[in-house]
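Data from start-v3.tsv: TSV, C-alpha atoms
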chain	number	residue	atom	x	y	z
J	21	MET	CA	30.82	-81.73	17.36
J	22	TRP	CA	29.20	-83.42	20.34
J	23	VAL	CA	27.44	-86.76	20.85
J	24	TYR	CA	24.61	-86.89	23.38
J	25	GLU	CA	24.59	-89.69	25.97
J	26	LYS	CA	21.20	-90.57	27.41
J	27	LYS	CA	22.52	-90.76	30.98
J	28	LEU	CA	23.81	-88.43	33.70
J	29	GLU	CA	27.49	-88.16	34.57
J	30	TYR	CA	26.54	-89.08	38.16
J	31	PRO	CA	23.22	-90.62	39.27
J	32	ILE	CA	20.50	-88.38	40.80
J	33	ASN	CA	17.36	-89.73	42.41
J	34	ILE	CA	15.61	-87.18	44.66
J	35	LYS	CA	12.49	-88.57	46.38
J	36	GLN	CA	11.38	-85.49	48.38
J	37	THR	CA	10.51	-82.26	46.54
J	38	ASN	CA	11.80	-78.95	47.95
J	39	PRO	CA	11.04	-75.86	45.81
J	40	ALA	CA	12.76	-73.47	48.25
J	41	LEU	CA	16.02	-75.41	47.82
J	42	ALA	CA	15.53	-75.56	44.03
J	43	LYS	CA	15.43	-71.74	43.98
J	44	ILE	CA	18.90	-71.68	45.56
J	45	ILE	CA	20.46	-74.51	43.53
J	46	ILE	CA	19.29	-73.00	40.21
J	47	SER	CA	22.10	-70.45	40.61
J	48	GLN	CA	24.51	-73.18	39.49
J	49	TYR	CA	22.37	-73.57	36.33
J	50	GLY	CA	22.26	-69.95	35.16
J	51	GLY	CA	23.93	-67.87	37.85
J	52	PRO	CA	27.21	-65.88	37.76
J	53	ASP	CA	29.39	-68.88	38.71
J	54	GLY	CA	27.14	-71.60	37.29
J	55	GLU	CA	27.73	-74.48	34.91
J	56	LEU	CA	26.30	-72.73	31.82
J	57	GLY	CA	28.77	-69.88	32.21
J	58	ALA	CA	31.59	-72.36	32.88
J	59	SER	CA	30.95	-74.36	29.70
J	60	LEU	CA	30.50	-71.24	27.52
J	61	ARG	CA	33.63	-69.64	28.99
J	62	TYR	CA	35.95	-72.59	28.29
J	63	LEU	CA	34.42	-73.62	24.97
J	64	SER	CA	34.67	-70.00	23.74
J	65	GLN	CA	38.20	-69.33	25.03
J	66	ARG	CA	39.73	-72.31	23.24
J	67	TYR	CA	39.59	-71.07	19.61
J	68	SER	CA	42.37	-68.51	19.80
J	69	VAL	CA	44.65	-70.56	22.10
J	70	PRO	CA	48.08	-71.27	20.53
J	71	TYR	CA	49.00	-74.43	22.51
J	72	PRO	CA	47.44	-77.86	21.88
J	73	GLU	CA	47.50	-78.97	25.56
J	74	ILE	CA	45.36	-75.96	26.51
J	75	LYS	CA	42.97	-76.52	23.57
J	76	ALA	CA	42.48	-80.06	24.91
J	77	ILE	CA	41.90	-78.99	28.54
J	78	LEU	CA	39.43	-76.24	27.58
J	79	THR	CA	37.52	-78.57	25.24
J	80	ASP	CA	37.36	-81.50	27.68
J	81	ILE	CA	36.54	-79.49	30.81
J	82	GLY	CA	34.06	-77.35	28.83
J	83	THR	CA	32.37	-80.57	27.72
J	84	GLU	CA	32.22	-81.95	31.28
J	85	GLU	CA	30.62	-78.65	32.38
J	86	LEU	CA	27.75	-79.37	29.95
J	87	ALA	CA	27.22	-82.69	31.76
J	88	HIS	CA	27.18	-80.74	35.05
J	89	LEU	CA	24.62	-78.30	33.60
J	90	GLU	CA	22.40	-81.31	32.93
J	91	MET	CA	22.94	-82.58	36.49
J	92	VAL	CA	21.98	-79.23	38.06
J	93	GLY	CA	18.92	-79.03	35.76
J	94	THR	CA	17.96	-82.55	36.88
J	95	ILE	CA	18.28	-81.62	40.58
J	96	VAL	CA	16.08	-78.52	40.08
J	97	TYR	CA	13.55	-80.52	38.05
J	98	GLN	CA	13.31	-83.34	40.61
J	99	LEU	CA	12.95	-80.86	43.50
J	100	THR	CA	9.95	-79.19	41.82
J	101	ARG	CA	7.92	-82.14	40.47
J	102	ASN	CA	4.16	-82.44	41.10
J	103	LEU	CA	3.92	-79.35	43.33
J	104	SER	CA	0.57	-78.25	44.71
J	105	MET	CA	-0.36	-74.55	44.83
J	106	ASP	CA	-0.08	-74.73	48.64
J	107	GLU	CA	3.46	-76.13	48.44
J	108	ILE	CA	4.41	-73.39	45.95
J	109	LYS	CA	3.09	-70.67	48.26
J	110	ALA	CA	4.59	-72.18	51.41
J	111	ALA	CA	8.05	-72.33	49.78
J	112	GLY	CA	7.90	-68.77	48.41
J	113	PHE	CA	8.20	-70.24	44.89
J	114	GLN	CA	5.54	-67.93	43.36
J	115	ASP	CA	8.01	-65.36	41.98
J	116	TYR	CA	9.79	-68.05	39.93
J	117	PHE	CA	6.59	-69.95	39.13
J	118	VAL	CA	4.80	-66.95	37.61
J	119	ASP	CA	7.38	-66.66	34.82
J	120	HIS	CA	8.55	-70.26	34.34
J	121	THR	CA	5.93	-72.51	36.02
J	122	THR	CA	8.04	-75.56	36.99
J	123	ALA	CA	10.38	-75.49	33.97
J	124	VAL	CA	14.14	-75.06	34.39
J	125	TYR	CA	15.25	-71.56	33.33
J	126	PRO	CA	18.88	-70.33	33.39
J	127	THR	CA	18.81	-67.76	36.13
J	128	ALA	CA	20.71	-66.80	39.27
J	129	ALA	CA	19.07	-67.36	42.65
J	130	SER	CA	18.67	-63.56	42.81
J	131	GLY	CA	16.41	-63.70	39.73
J	132	MET	CA	18.98	-62.24	37.32
J	133	PRO	CA	18.72	-64.24	34.06
J	134	TYR	CA	21.89	-65.88	32.73
J	135	SER	CA	24.21	-63.23	31.32
J	136	ALA	CA	27.51	-63.62	29.44
J	137	SER	CA	28.53	-60.43	31.23
J	138	THR	CA	29.32	-62.65	34.23
J	139	MET	CA	32.28	-64.19	32.38
J	140	GLN	CA	35.12	-63.15	30.10
J	141	VAL	CA	36.90	-64.46	27.00
J	142	LYS	CA	39.88	-62.12	26.85
J	143	GLY	CA	42.02	-63.62	24.09
J	144	ASP	CA	45.06	-63.56	26.38
J	145	LEU	CA	45.95	-67.05	27.58
J	146	LEU	CA	47.42	-66.07	30.95
J	147	THR	CA	44.49	-63.77	31.70
J	148	ASP	CA	41.97	-66.42	30.65
J	149	LEU	CA	43.61	-69.22	32.64
J	150	HIS	CA	43.61	-67.05	35.76
J	151	GLU	CA	39.92	-66.32	35.12
J	152	ASP	CA	39.31	-70.07	34.78
J	153	LEU	CA	41.11	-70.86	38.04
J	154	ALA	CA	39.05	-68.18	39.82
J	155	ALA	CA	35.86	-69.50	38.19
J	156	GLU	CA	36.42	-73.02	39.53
J	157	GLN	CA	36.94	-71.65	43.05
J	158	LYS	CA	33.88	-69.38	42.80
J	159	ALA	CA	31.79	-72.38	41.78
J	160	ARG	CA	33.26	-74.40	44.66
J	161	THR	CA	32.32	-71.63	47.11
J	162	THR	CA	28.79	-71.57	45.65
J	163	TYR	CA	28.42	-75.35	46.11
J	164	ASP	CA	29.68	-74.96	49.70
J	165	ASN	CA	27.02	-72.29	50.25
J	166	ILE	CA	24.35	-74.54	48.69
J	167	LEU	CA	25.39	-77.38	51.04
J	168	ARG	CA	24.74	-75.07	54.03
J	169	PHE	CA	21.01	-75.22	53.08
J	170	CYS	CA	20.82	-78.97	52.33
J	171	ASP	CA	19.73	-81.69	54.73
J	172	ASP	CA	18.50	-84.27	52.20
J	173	PRO	CA	21.18	-86.91	51.41
J	174	ASP	CA	19.64	-87.37	47.93
J	175	VAL	CA	20.61	-83.74	47.19
J	176	ILE	CA	23.82	-83.55	49.22
J	177	ASP	CA	25.40	-86.51	47.39
J	178	PRO	CA	25.32	-85.13	43.79
J	179	ILE	CA	26.14	-81.57	45.02
J	180	ARG	CA	29.27	-82.95	46.74
J	181	PHE	CA	30.23	-84.69	43.49
J	182	LEU	CA	29.89	-81.40	41.58
J	183	ARG	CA	31.88	-79.56	44.27
J	184	ALA	CA	34.71	-82.11	44.01
J	185	ARG	CA	34.88	-81.66	40.24
J	186	GLU	CA	35.54	-77.90	40.69
J	187	ILE	CA	38.64	-78.78	42.71
J	188	VAL	CA	39.90	-81.27	40.09
J	189	HIS	CA	39.33	-78.74	37.29
J	190	TYR	CA	41.23	-76.13	39.33
J	191	GLN	CA	44.14	-78.56	39.53
J	192	ARG	CA	44.08	-79.20	35.75
J	193	PHE	CA	43.95	-75.46	34.92
J	194	GLY	CA	46.86	-74.90	37.32
J	195	GLU	CA	48.84	-77.51	35.41
J	196	GLY	CA	47.81	-75.79	32.18
J	197	LEU	CA	49.15	-72.49	33.48
J	198	ARG	CA	52.46	-74.20	34.29
J	199	ILE	CA	52.61	-75.76	30.80
J	200	VAL	CA	52.12	-72.29	29.27
J	201	THR	CA	54.69	-70.48	31.42
J	202	ASP	CA	57.23	-73.24	30.65
J	203	LYS	CA	56.97	-72.18	27.00
J	204	LEU	CA	57.42	-68.47	27.76
J	205	ASP	CA	60.37	-66.26	28.61
J	206	SER	CA	60.38	-66.15	32.42
J	207	LYS	CA	61.41	-62.48	32.34
J	208	ASN	CA	58.16	-61.62	30.57
J	209	PHE	CA	55.42	-64.02	31.75
J	210	TYR	CA	52.87	-61.32	32.52
J	211	ALA	CA	54.02	-58.43	30.33
J	212	PHE	CA	52.74	-59.72	26.98
J	213	ASN	CA	49.76	-61.50	25.50
J	214	PRO	CA	50.96	-64.96	24.36
J	215	GLU	CA	47.96	-65.29	22.04
J	216	PHE	CA	48.77	-62.11	20.12
J	217	ASP	CA	52.28	-60.77	20.76
J	218	LYS	CA	55.25	-62.70	19.43
J	219	CYS	CA	57.94	-61.17	21.64
J	220	HIS	CA	57.25	-63.45	24.60
J	221	LEU	CA	58.72	-66.74	23.36
J	222	LYS	CA	61.84	-68.26	24.83
J	223	ASN	CA	64.95	-67.68	22.74
J	224	LYS	CA	64.78	-70.52	20.21
J	225	LYS	CA	68.57	-71.11	20.43
J	226	ASN	CA	68.20	-71.99	24.11
J	227	LYS	CA	65.56	-74.66	23.52
V	30	MET	CA	17.47	-100.27	43.21
V	31	THR	CA	16.21	-101.83	39.96
V	32	GLU	CA	18.49	-103.83	37.66
V	33	ARG	CA	18.47	-100.93	35.20
V	34	GLU	CA	19.57	-98.46	37.88
V	35	ARG	CA	22.26	-100.82	39.16
V	36	MET	CA	23.73	-101.41	35.68
V	37	LEU	CA	23.57	-97.70	34.88
V	38	LYS	CA	25.31	-96.84	38.16
V	39	ASN	CA	28.14	-99.28	37.43
V	40	LEU	CA	28.47	-98.01	33.87
V	41	SER	CA	28.51	-94.40	35.12
V	42	SER	CA	31.33	-95.25	37.52
V	43	TYR	CA	33.46	-96.72	34.69
V	44	ASP	CA	32.62	-93.79	32.41
V	45	PHE	CA	33.46	-91.32	35.16
V	46	ALA	CA	36.88	-92.96	35.63
V	47	ILE	CA	37.41	-92.53	31.87
V	48	ILE	CA	36.48	-88.80	32.00
V	49	GLU	CA	38.76	-88.23	34.98
V	50	LEU	CA	41.74	-90.05	33.43
V	51	HIS	CA	41.15	-88.43	30.04
V	52	ILE	CA	41.32	-84.92	31.52
V	53	TYR	CA	44.33	-85.89	33.67
V	54	LEU	CA	46.12	-87.16	30.56
V	55	ASP	CA	45.61	-83.76	28.85
V	56	THR	CA	48.24	-82.34	31.22
V	57	HIS	CA	50.16	-85.62	31.83
V	58	PRO	CA	50.32	-87.21	28.36
V	59	ASP	CA	53.43	-89.28	29.30
V	60	ASP	CA	51.83	-91.01	32.32
V	61	LEU	CA	51.78	-94.63	31.14
V	62	SER	CA	50.05	-96.07	34.21
V	63	ALA	CA	47.17	-93.58	33.86
V	64	ALA	CA	46.92	-94.41	30.15
V	65	ASN	CA	46.79	-98.14	30.97
V	66	ALA	CA	44.16	-97.62	33.67
V	67	MET	CA	42.09	-95.73	31.12
V	68	LYS	CA	42.32	-98.63	28.66
V	69	GLU	CA	41.09	-101.02	31.39
V	70	TYR	CA	38.09	-98.83	32.20
V	71	GLU	CA	37.33	-98.39	28.50
V	72	ALA	CA	37.21	-102.16	28.06
V	73	LYS	CA	34.96	-102.61	31.14
V	74	SER	CA	32.68	-99.79	29.99
V	75	ARG	CA	32.39	-101.21	26.46
V	76	ILE	CA	31.24	-104.63	27.72
V	77	LEU	CA	28.74	-103.30	30.26
V	78	ARG	CA	27.43	-100.67	27.81
V	79	SER	CA	26.58	-103.27	25.17
V	80	GLU	CA	24.86	-105.46	27.82
V	81	TYR	CA	22.85	-102.45	29.02
V	82	GLU	CA	21.90	-101.30	25.52
V	83	GLU	CA	20.82	-104.85	24.63
V	84	LYS	CA	18.39	-104.85	27.60
V	85	PHE	CA	17.28	-101.24	27.99
V	86	GLY	CA	17.92	-99.48	24.68
V	87	PRO	CA	20.50	-97.10	23.23
V	88	LEU	CA	22.54	-94.70	25.39
V	89	SER	CA	24.03	-92.80	22.48
V	90	THR	CA	22.68	-91.40	19.21
V	91	LYS	CA	25.30	-93.58	17.50
V	92	ASN	CA	23.52	-96.81	18.48
V	93	VAL	CA	19.89	-95.96	17.76
V	94	SER	CA	19.51	-97.78	14.42
V	95	GLY	CA	16.54	-100.14	14.44
V	96	ASN	CA	15.62	-99.13	17.98
V	97	ARG	CA	13.79	-95.86	17.42
V	98	TRP	CA	11.20	-96.31	20.18
V	99	ALA	CA	13.77	-97.32	22.77
V	100	TRP	CA	15.63	-94.04	22.11
V	101	ILE	CA	12.44	-91.98	22.47
V	102	SER	CA	11.12	-93.84	25.52
V	103	ASN	CA	11.36	-92.79	29.16
V	104	PRO	CA	13.25	-92.63	31.38
V	105	TRP	CA	15.26	-89.66	30.12
V	106	PRO	CA	18.26	-88.83	32.33
V	107	TRP	CA	16.37	-86.26	34.45
V	108	ASN	CA	13.36	-88.57	35.03
V	109	ARG	CA	12.89	-90.50	38.23
V	110	GLN	CA	12.44	-94.25	37.85
V	111	GLU	CA	8.64	-94.20	38.13
V	112	GLU	CA	8.09	-91.52	35.45
So, in terms of structure tokens, how does the structure I just supplied come out?
Amino acid sequence: MWVYEKKLEYPINIKQTNPALAKIIISQYGGPDGELGASLRYLSQRYSVPYPEIKAILTDIGTEELAHLEMVGTIVYQLTRNLSMDEIKAAGFQDYFVDHTTAVYPTAASGMPYSASTMQVKGDLLTDLHEDLAAEQKARTTYDNILRFCDDPDVIDPIRFLRAREIVHYQRFGEGLRIVTDKLDSKNFYAFNPEFDKCHLKNKKNK
Amino acid sequence: MTERERMLKNLSSYDFAIIELHIYLDTHPDDLSAANAMKEYEAKSRILRSEYEEKFGPLSTKNVSGNRWAWISNPWPWNRQEE
């Protein structure tokens, strides 16, 4: 289960609204490489994993992604507070506003609503860990692209924090991949599914 | 920065160190110095958290008892100070 904490993982205090920027940043809320997809991916992959270290990494990183989802939602919310109709029109925010007013909806910047079809839970540990490594880098690239549009230090600071976390998670998943391959027969790393096939294990006599 | 914001910022920095070390220890369970650093941050966080909760209300659903209004009250994490 989870316990809610009534605080953000990293403080956010945005003084100047900017609906045009919110429309870009919302992609990390519900877009193809966003925090919702990240948390669902890891928290769904973990059930069928055979190794306890990987269950721990997927659970703990998946949980931190939920804290990041809340941070991105907070950034979008604070960038769209108390908007006038003129500000909405000037920022080109009408197409979002008409469906969601100024609420936070899980969507990509392109307007595509959140879809689980943007991520995979394959039930093959090596496949899933490679997906997770790619996912962290895709999110890092997205944060880099978001930073290209930011000139407000109140926004840049938390986005840089989120970007840095992608790199740390990439490192941890890389270590997870090494932990898994250390348990497998090096002749057969990528030929079998270590969650389903039993023929991949190192010869027990050699252990 | 108000006193509430300052205390919350310090607490968040301790709690972030705990998250970071906790995830690191998932793949380095034998790293004693990381485990000790985590214990230090946990102790610092515990003290500051109880000071904060005493002044500004519960941070976790585990500590709400007898303080129902403080749990419900603003600011919620996404609110700016003046809301």
Chain V residues near chain J (12 Å cut-off, all atoms listed in the file) as JSON, numbers by chain: {"V": [30, 33, 34, 35, 36, 37, 38, 39, 40, 41, 42, 43, 44, 45, 46, 47, 48, 49, 50, 51, 52, 53, 54, 55, 56, 57, 58, 78, 81, 82, 85, 86, 87, 88, 89, 90, 91, 92, 93, 99, 100, 101, 102, 103, 104, 105, 106, 107, 108, 109, 110, 111, 112]}
Work out how far apart atom CA of V:Thr31 and atom CA of J:Pro178 are and give it in Å to one decimal.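 Result for atom CA of V:Thr31 versus atom CA of J:Pro178: 19.4 Å, one decimal.
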Measure the distance from atom CA of J:Ala87 to atom CA of J:Ala58 in Å and round it to one decimal. 11.3 Å
What does the distance from atom CA of J:Asn165 to atom CA of J:Gly112 come to in Å, to one decimal?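 Interatomic distance here is 19.5 Å.
Considering only C-alpha atoms, the residue among J:Pro70, J:Gly82, J:Gly50, J:Gly131 positioned nearest to J:Glu156 is J:Gly82.
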Skipping near chain neighbours, those fewer than 5 positions away, what residues fall within 12 Å of J:Asp171 using only C-alpha atoms, listed as a list in words?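 Residues meeting the cut-off are Gln36, Asn38, Leu41, Ile166, Ile176, Asp177 and Ile179 of chain J.
Those DNA, RNA and protein residues that approach the point (49.3, -63.0, 26.4) to within 9 Å, considering all atoms listed in the file, are Gly143, Asp144, Leu145, Leu146, Thr147, Phe209, Tyr210, Ala211, Phe212, Asn213, Pro214, Glu215, Phe216, Asp217 and His220 of chain J.
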Filtering to C-alpha atoms, could stretch 85-184 of chain J of the supplied structure be written out as a PDB file, in the first residue's frame?
ATOM      1  CA  GLU J  85       7.601   8.604 -10.163  1.00  0.00           C
ATOM      2  CA  LEU J  86       4.241   9.189  -8.431  1.00  0.00           C
ATOM      3  CA  ALA J  87       5.897  12.026  -6.480  1.00  0.00           C
ATOM      4  CA  HIS J  88       7.177  13.396  -9.809  1.00  0.00           C
ATOM      5  CA  LEU J  89       3.661  13.164 -11.288  1.00  0.00           C
ATOM      6  CA  GLU J  90       2.499  15.378  -8.422  1.00  0.00           C
ATOM      7  CA  MET J  91       5.356  17.826  -9.085  1.00  0.00           C
ATOM      8  CA  VAL J  92       4.516  18.129 -12.799  1.00  0.00           C
ATOM      9  CA  GLY J  93       0.809  18.563 -11.928  1.00  0.00           C
ATOM     10  CA  THR J  94       1.799  21.309  -9.477  1.00  0.00           C
ATOM     11  CA  ILE J  95       3.894  23.123 -12.118  1.00  0.00           C
ATOM     12  CA  VAL J  96       1.005  22.995 -14.629  1.00  0.00           C
ATOM     13  CA  TYR J  97      -1.482  24.140 -11.968  1.00  0.00           C
ATOM     14  CA  GLN J  98       0.667  27.067 -10.814  1.00  0.00           C
ATOM     15  CA  LEU J  99       1.323  28.181 -14.415  1.00  0.00           C
ATOM     16  CA  THR J 100      -2.432  28.388 -15.129  1.00  0.00           C
ATOM     17  CA  ARG J 101      -3.856  30.006 -11.969  1.00  0.00           C
ATOM     18  CA  ASN J 102      -6.249  32.983 -12.160  1.00  0.00           C
ATOM     19  CA  LEU J 103      -6.072  33.356 -15.951  1.00  0.00           C
ATOM     20  CA  SER J 104      -8.149  35.995 -17.709  1.00  0.00           C
ATOM     21  CA  MET J 105      -9.900  35.203 -21.003  1.00  0.00           C
ATOM     22  CA  ASP J 106      -7.432  37.554 -22.741  1.00  0.00           C
ATOM     23  CA  GLU J 107      -4.444  35.672 -21.309  1.00  0.00           C
ATOM     24  CA  ILE J 108      -5.995  32.356 -22.405  1.00  0.00           C
ATOM     25  CA  LYS J 109      -6.483  33.624 -25.956  1.00  0.00           C
ATOM     26  CA  ALA J 110      -3.062  35.281 -26.169  1.00  0.00           C
ATOM     27  CA  ALA J 111      -1.341  32.039 -25.104  1.00  0.00           C
ATOM     28  CA  GLY J 112      -3.322  29.828 -27.506  1.00  0.00           C
ATOM     29  CA  PHE J 113      -4.684  27.947 -24.469  1.00  0.00           C
ATOM     30  CA  GLN J 114      -8.288  27.771 -25.806  1.00  0.00           C
ATOM     31  CA  ASP J 115      -7.997  24.251 -27.247  1.00  0.00           C
ATOM     32  CA  TYR J 116      -7.019  22.837 -23.836  1.00  0.00           C
ATOM     33  CA  PHE J 117      -9.331  25.164 -21.909  1.00  0.00           C
ATOM     34  CA  VAL J 118     -12.471  24.157 -23.811  1.00  0.00           C
ATOM     35  CA  ASP J 119     -12.216  20.552 -22.580  1.00  0.00           C
ATOM     36  CA  HIS J 120     -10.525  20.914 -19.182  1.00  0.00           C
ATOM     37  CA  THR J 121     -10.849  24.601 -18.167  1.00  0.00           C
ATOM     38  CA  THR J 122      -7.771  25.066 -15.929  1.00  0.00           C
ATOM     39  CA  ALA J 123      -7.768  21.565 -14.407  1.00  0.00           C
ATOM     40  CA  VAL J 124      -4.800  19.214 -14.856  1.00  0.00           C
ATOM     41  CA  TYR J 125      -5.636  16.407 -17.320  1.00  0.00           C
ATOM     42  CA  PRO J 126      -3.221  13.592 -18.283  1.00  0.00           C
ATOM     43  CA  THR J 127      -2.469  14.393 -21.886  1.00  0.00           C
ATOM     44  CA  ALA J 128       0.493  14.798 -24.211  1.00  0.00           C
ATOM     45  CA  ALA J 129       1.378  18.274 -25.471  1.00  0.00           C
ATOM     46  CA  SER J 130       0.021  17.125 -28.857  1.00  0.00           C
ATOM     47  CA  GLY J 131      -3.435  16.666 -27.283  1.00  0.00           C
ATOM     48  CA  MET J 132      -3.322  12.851 -27.248  1.00  0.00           C
ATOM     49  CA  PRO J 133      -4.796  11.709 -23.907  1.00  0.00           C
ATOM     50  CA  TYR J 134      -2.672   9.435 -21.705  1.00  0.00           C
ATOM     51  CA  SER J 135      -2.527   5.958 -23.217  1.00  0.00           C
ATOM     52  CA  ALA J 136      -0.999   2.757 -21.828  1.00  0.00           C
ATOM     53  CA  SER J 137      -0.156   1.966 -25.451  1.00  0.00           C
ATOM     54  CA  THR J 138       2.849   4.278 -24.994  1.00  0.00           C
ATOM     55  CA  MET J 139       4.482   1.764 -22.637  1.00  0.00           C
ATOM     56  CA  GLN J 140       5.006  -1.966 -22.298  1.00  0.00           C
ATOM     57  CA  VAL J 141       4.952  -4.614 -19.558  1.00  0.00           C
ATOM     58  CA  LYS J 142       6.419  -7.583 -21.404  1.00  0.00           C
ATOM     59  CA  GLY J 143       6.894 -10.158 -18.661  1.00  0.00           C
ATOM     60  CA  ASP J 144      10.504 -10.688 -19.742  1.00  0.00           C
ATOM     61  CA  LEU J 145      12.927  -9.102 -17.292  1.00  0.00           C
ATOM     62  CA  LEU J 146      15.696  -8.281 -19.766  1.00  0.00           C
ATOM     63  CA  THR J 147      13.216  -6.801 -22.235  1.00  0.00           C
ATOM     64  CA  ASP J 148      11.501  -4.775 -19.509  1.00  0.00           C
ATOM     65  CA  LEU J 149      14.746  -3.450 -18.013  1.00  0.00           C
ATOM     66  CA  HIS J 150      15.894  -2.298 -21.450  1.00  0.00           C
ATOM     67  CA  GLU J 151      12.502  -0.598 -21.886  1.00  0.00           C
ATOM     68  CA  ASP J 152      12.983   1.077 -18.492  1.00  0.00           C
ATOM     69  CA  LEU J 153      16.471   2.316 -19.375  1.00  0.00           C
ATOM     70  CA  ALA J 154      15.121   3.743 -22.653  1.00  0.00           C
ATOM     71  CA  ALA J 155      12.160   5.297 -20.809  1.00  0.00           C
ATOM     72  CA  GLU J 156      14.430   7.200 -18.413  1.00  0.00           C
ATOM     73  CA  GLN J 157      16.444   8.583 -21.333  1.00  0.00           C
ATOM     74  CA  LYS J 158      13.297   9.512 -23.278  1.00  0.00           C
ATOM     75  CA  ALA J 159      12.025  11.412 -20.248  1.00  0.00           C
ATOM     76  CA  ARG J 160      15.424  13.116 -19.876  1.00  0.00           C
ATOM     77  CA  THR J 161      15.283  14.213 -23.534  1.00  0.00           C
ATOM     78  CA  THR J 162      11.750  15.550 -22.982  1.00  0.00           C
ATOM     79  CA  TYR J 163      12.883  17.585 -19.948  1.00  0.00           C
ATOM     80  CA  ASP J 164      15.793  18.926 -22.036  1.00  0.00           C
ATOM     81  CA  ASN J 165      13.292  19.959 -24.714  1.00  0.00           C
ATOM     82  CA  ILE J 166      11.050  21.587 -22.078  1.00  0.00           C
ATOM     83  CA  LEU J 167      14.054  23.550 -20.756  1.00  0.00           C
ATOM     84  CA  ARG J 168      14.588  24.992 -24.268  1.00  0.00           C
ATOM     85  CA  PHE J 169      11.261  26.869 -23.797  1.00  0.00           C
ATOM     86  CA  CYS J 170      11.814  28.001 -20.177  1.00  0.00           C
ATOM     87  CA  ASP J 171      13.204  31.344 -19.058  1.00  0.00           C
ATOM     88  CA  ASP J 172      11.584  31.533 -15.606  1.00  0.00           C
ATOM     89  CA  PRO J 173      13.960  30.328 -12.836  1.00  0.00           C
ATOM     90  CA  ASP J 174      10.915  29.270 -10.752  1.00  0.00           C
ATOM     91  CA  VAL J 175      10.125  26.713 -13.488  1.00  0.00           C
ATOM     92  CA  ILE J 176      13.674  25.853 -14.558  1.00  0.00           C
ATOM     93  CA  ASP J 177      14.706  24.817 -11.028  1.00  0.00           C
ATOM     94  CA  PRO J 178      12.151  22.001 -10.432  1.00  0.00           C
ATOM     95  CA  ILE J 179      12.406  20.840 -14.095  1.00  0.00           C
ATOM     96  CA  ARG J 180      16.186  20.469 -13.653  1.00  0.00           C
ATOM     97  CA  PHE J 181      15.566  18.434 -10.493  1.00  0.00           C
ATOM     98  CA  LEU J 182      13.205  16.109 -12.402  1.00  0.00           C
ATOM     99  CA  ARG J 183      15.713  15.816 -15.261  1.00  0.00           C
ATOM    100  CA  ALA J 184      18.476  14.822 -12.834  1.00  0.00           C
TER     101      ALA J 184
END
